[in-house]
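Notes for the one structure printed next.
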Amino acid sequence: MGILEKIAEIEREISRTQKNKATEYHLGLLKAKLAKYRSQLLEPSKSAGGKGEGFDVMKSGDARVALIGFPSVGKSTFLSLMTSTASEAASYEFTTLTCIPGVIEYKGANIQLLDLPGIIEGAAQGKGRGRQVIAVARTADVVIMMLDATKGDVQRELLEKELESVGIRLNRRKPNIYFKPKKGGGLSFNSTVPLTQCSEKLVQLILHEYKIFNAEVLFREDCTADEFIDVINGNRVYMPCLYVYNKVDQISIEEVDRLAHRPNSVVISCGMKLNLDYLLETLWEYLSLICIYTKKRGERPDFNDAIIMRRGASVEHVCHRIHRTLASQFKYALVWGTSTKYSPQRVGVTHIMEHEDVIQIVKK
């Protein structure tokens, strides 16, 4: 019995089992087995096949965005509109067969946009190059899920299920659970909050399934058994996702309004070039990028060449970005902008920068 058959068998068993207090331990064990087999599926096979065409693209620019969607939803048209790269677009499915990169230039930042081949149902098991597509998506900072607005919510649910099964968690935080395997001493289980979805017995059963008998577990929030399994596996990727509904010019205005008000969703039309500017603004927010301008002593700030950093970057990060030896020679910095109480303010290396701040660094 292969791994795929075992996964299918466990999924059938889970769908047959009623969810109640009596079956929660049984379901927890099944979910742990399922996660274990799925992680085996993701591992590359020992016998490497013949060399095919390279798929992954070298990371470049300030951030990376992956375009994921079913065939013929308008991913290649979107890439051609947003970037100077021409990706072949046609009205038949699977026009794009490899990963095509493009660069969006926005607010001085270079954002790498990857046009991935269409995902089909069963991609997580390797159908239609699905495994390579999903592997590239794991390396991105944000996933843009392109959906056909004329198809309703079917595509969104199927894609979420495919990404969920390969360990990509969309728009979710990492569970606040401390987990550390030990050499001996049995299981030490604690929680700082009342647990309603997981118990010590269930945690013990799940750990036994993974052949872990000695560990330290501390729940800092009320988590489910699935989230605990994610923590044990440790290879889950938590990333923001933007649901982009294309072809809104083909549906009613009421339906457009309903889709636009859903969380993390943007409605666009690549054919009529509608709402693309708002999509770029939203994408910038999701990437958490900020622009920082530099200033030489006695001169005006240079507003043409911005340093692109992540939100939460400190003066020390800015020093490293300018030159690696600058942080060791740093004396103090003068900062103008929203991160200071008054302008200019003299700050140290730990000062957190904000969007469109101006910095002047003084060396020792």
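Labels for the structure tokens follow display order: chains A, B, ..., residues from 1 in each chain, ligands from 1.
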
Legend entry - All strand (DSSP E) positions in range 301-362 of chain A, as a PyMOL selection string: chain A and resi 307-310+330-336+345-347+357-362

Report the closest atom pair, with its distance in Å rounded to one decimal, for each residue of range 130-249 of chain A that has an atom no farther than 8 Å from range 286-296 of chain A; count only C-alpha atoms, sort by chain and then rising residue number, and write it as a Markdown table.
| residue | atom | partner | partner_atom | distance |
| --- | --- | --- | --- | --- |
| A:Asp141 | CA | A:Leu287 | CA | 6.9 |
| A:Val142 | CA | A:Leu287 | CA | 6.7 |
| A:Pro240 | CA | A:Tyr286 | CA | 6.9 |

Inset, instruction - Go ahead and compute the interatomic distance for CA of Leu159 in chain A and CA of Val65 in chain A, in Å to one decimal. - result: 16.7 Å

Inset, instruction - Enumerate as number ranges by chain all residues of range 117-354 of chain A assigned to alpha helix (DSSP H) by DSSP on the backbone, naming them with the chain letters and numbers the document uses. - result: A: 130-138, 154-165, 200-209, 225-233, 253-260, 276-287, 315-322, 326-329

Please save C-alpha atoms of the selected residues as a PDB file, in the first residue's frame.
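Result written to out.pdb:
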ATOM      1  CA  GLY A 130       1.856  20.682  -8.719  1.00  0.00           C
ATOM      2  CA  ARG A 131       4.596  19.812  -6.252  1.00  0.00           C
ATOM      3  CA  GLN A 132       7.160  22.130  -7.900  1.00  0.00           C
ATOM      4  CA  VAL A 133       4.604  24.957  -8.106  1.00  0.00           C
ATOM      5  CA  ILE A 134       3.818  24.648  -4.406  1.00  0.00           C
ATOM      6  CA  ALA A 135       7.551  24.386  -3.499  1.00  0.00           C
ATOM      7  CA  VAL A 136       8.210  27.728  -5.246  1.00  0.00           C
ATOM      8  CA  ALA A 137       5.159  29.267  -3.519  1.00  0.00           C
ATOM      9  CA  ARG A 138       6.661  28.335  -0.101  1.00  0.00           C
ATOM     10  CA  VAL A 154     -15.306  26.606  -5.591  1.00  0.00           C
ATOM     11  CA  GLN A 155     -11.783  27.511  -6.764  1.00  0.00           C
ATOM     12  CA  ARG A 156     -10.854  29.249  -3.517  1.00  0.00           C
ATOM     13  CA  GLU A 157     -11.841  26.257  -1.373  1.00  0.00           C
ATOM     14  CA  LEU A 158     -10.003  23.754  -3.587  1.00  0.00           C
ATOM     15  CA  LEU A 159      -6.797  25.835  -3.676  1.00  0.00           C
ATOM     16  CA  GLU A 160      -6.847  26.421   0.088  1.00  0.00           C
ATOM     17  CA  LYS A 161      -7.224  22.664   0.607  1.00  0.00           C
ATOM     18  CA  GLU A 162      -4.262  21.921  -1.712  1.00  0.00           C
ATOM     19  CA  LEU A 163      -1.991  24.483   0.004  1.00  0.00           C
ATOM     20  CA  GLU A 164      -3.137  23.380   3.474  1.00  0.00           C
ATOM     21  CA  SER A 165      -2.162  19.766   2.744  1.00  0.00           C
ATOM     22  CA  GLU A 200      -3.045  16.366  27.973  1.00  0.00           C
ATOM     23  CA  LYS A 201      -4.149  12.859  26.988  1.00  0.00           C
ATOM     24  CA  LEU A 202      -4.641  13.914  23.343  1.00  0.00           C
ATOM     25  CA  VAL A 203      -1.220  15.621  23.287  1.00  0.00           C
ATOM     26  CA  GLN A 204       0.347  12.427  24.670  1.00  0.00           C
ATOM     27  CA  LEU A 205      -1.373  10.252  22.040  1.00  0.00           C
ATOM     28  CA  ILE A 206      -0.240  12.535  19.200  1.00  0.00           C
ATOM     29  CA  LEU A 207       3.365  12.558  20.480  1.00  0.00           C
ATOM     30  CA  HIS A 208       3.339   8.745  20.764  1.00  0.00           C
ATOM     31  CA  GLU A 209       2.298   8.559  17.112  1.00  0.00           C
ATOM     32  CA  ALA A 225      -4.923  19.370  17.801  1.00  0.00           C
ATOM     33  CA  ASP A 226      -4.149  20.349  14.167  1.00  0.00           C
ATOM     34  CA  GLU A 227      -2.153  23.381  15.314  1.00  0.00           C
ATOM     35  CA  PHE A 228      -0.195  21.240  17.792  1.00  0.00           C
ATOM     36  CA  ILE A 229       0.639  18.782  14.975  1.00  0.00           C
ATOM     37  CA  ASP A 230       1.911  21.755  12.924  1.00  0.00           C
ATOM     38  CA  VAL A 231       4.251  22.715  15.793  1.00  0.00           C
ATOM     39  CA  ILE A 232       5.630  19.146  16.031  1.00  0.00           C
ATOM     40  CA  ASN A 233       6.316  18.988  12.286  1.00  0.00           C
ATOM     41  CA  ILE A 253     -22.589  44.511  -9.446  1.00  0.00           C
ATOM     42  CA  GLU A 254     -24.144  42.866  -6.354  1.00  0.00           C
ATOM     43  CA  GLU A 255     -21.773  39.899  -6.693  1.00  0.00           C
ATOM     44  CA  VAL A 256     -18.786  42.265  -7.155  1.00  0.00           C
ATOM     45  CA  ASP A 257     -19.833  44.111  -3.973  1.00  0.00           C
ATOM     46  CA  ARG A 258     -20.094  40.818  -2.045  1.00  0.00           C
ATOM     47  CA  LEU A 259     -16.638  39.633  -3.174  1.00  0.00           C
ATOM     48  CA  ALA A 260     -14.999  43.035  -2.526  1.00  0.00           C
ATOM     49  CA  LEU A 276      -5.143  47.417 -10.582  1.00  0.00           C
ATOM     50  CA  ASP A 277      -3.801  50.511  -8.738  1.00  0.00           C
ATOM     51  CA  TYR A 278      -5.723  49.575  -5.561  1.00  0.00           C
ATOM     52  CA  LEU A 279      -4.343  46.014  -5.806  1.00  0.00           C
ATOM     53  CA  LEU A 280      -0.778  47.406  -5.859  1.00  0.00           C
ATOM     54  CA  GLU A 281      -1.492  49.551  -2.770  1.00  0.00           C
ATOM     55  CA  THR A 282      -2.910  46.532  -0.905  1.00  0.00           C
ATOM     56  CA  LEU A 283       0.051  44.374  -1.962  1.00  0.00           C
ATOM     57  CA  TRP A 284       2.464  47.001  -0.593  1.00  0.00           C
ATOM     58  CA  GLU A 285       0.656  46.847   2.792  1.00  0.00           C
ATOM     59  CA  TYR A 286       0.794  43.038   2.843  1.00  0.00           C
ATOM     60  CA  LEU A 287       4.531  43.016   2.086  1.00  0.00           C
ATOM     61  CA  VAL A 315      18.765  52.083  12.546  1.00  0.00           C
ATOM     62  CA  GLU A 316      21.206  49.158  12.846  1.00  0.00           C
ATOM     63  CA  HIS A 317      19.483  47.330   9.954  1.00  0.00           C
ATOM     64  CA  VAL A 318      19.753  50.504   7.848  1.00  0.00           C
ATOM     65  CA  CYS A 319      23.507  50.705   8.629  1.00  0.00           C
ATOM     66  CA  HIS A 320      24.014  47.110   7.508  1.00  0.00           C
ATOM     67  CA  ARG A 321      22.071  47.753   4.299  1.00  0.00           C
ATOM     68  CA  ILE A 322      24.249  50.782   3.413  1.00  0.00           C
ATOM     69  CA  LEU A 326      29.044  51.166   9.056  1.00  0.00           C
ATOM     70  CA  ALA A 327      27.423  49.688  12.200  1.00  0.00           C
ATOM     71  CA  SER A 328      30.819  49.281  13.938  1.00  0.00           C
ATOM     72  CA  GLN A 329      31.739  52.944  13.205  1.00  0.00           C
TER      73      GLN A 329
END

Inset, instruction - For range 332-336 of chain A, please output as a list in words all residues within 10 Å (counting only C-alpha atoms; exclusion window: fewer than 2 positions along the same chain). - result: Tyr293, Thr294, Lys295, Val315, Gln329, Phe330, Thr338, Ser339, Thr340, Lys341, Tyr342, Ser343, Pro344, Gln345, Arg346, Val347, Gly348, Val349, His351, Met353, Glu356, Asp357, Val358, Ile359, Gln360, Ile361, Val362, Lys363 and Lys364 of chain A

Inset, instruction - May I ask which of the residues A:Gln18, A:Ser76, A:Thr224, A:Asn264 is the closest one to Val143 in chain A, counting only C-alpha atoms? - result: A:Asn264

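Here the question is which of A:Ser39, A:Asn246, A:Ser252, A:Ser15 gets nearest to Gly271 in chain A using only C-alpha atoms, and that residue is A:Asn246.
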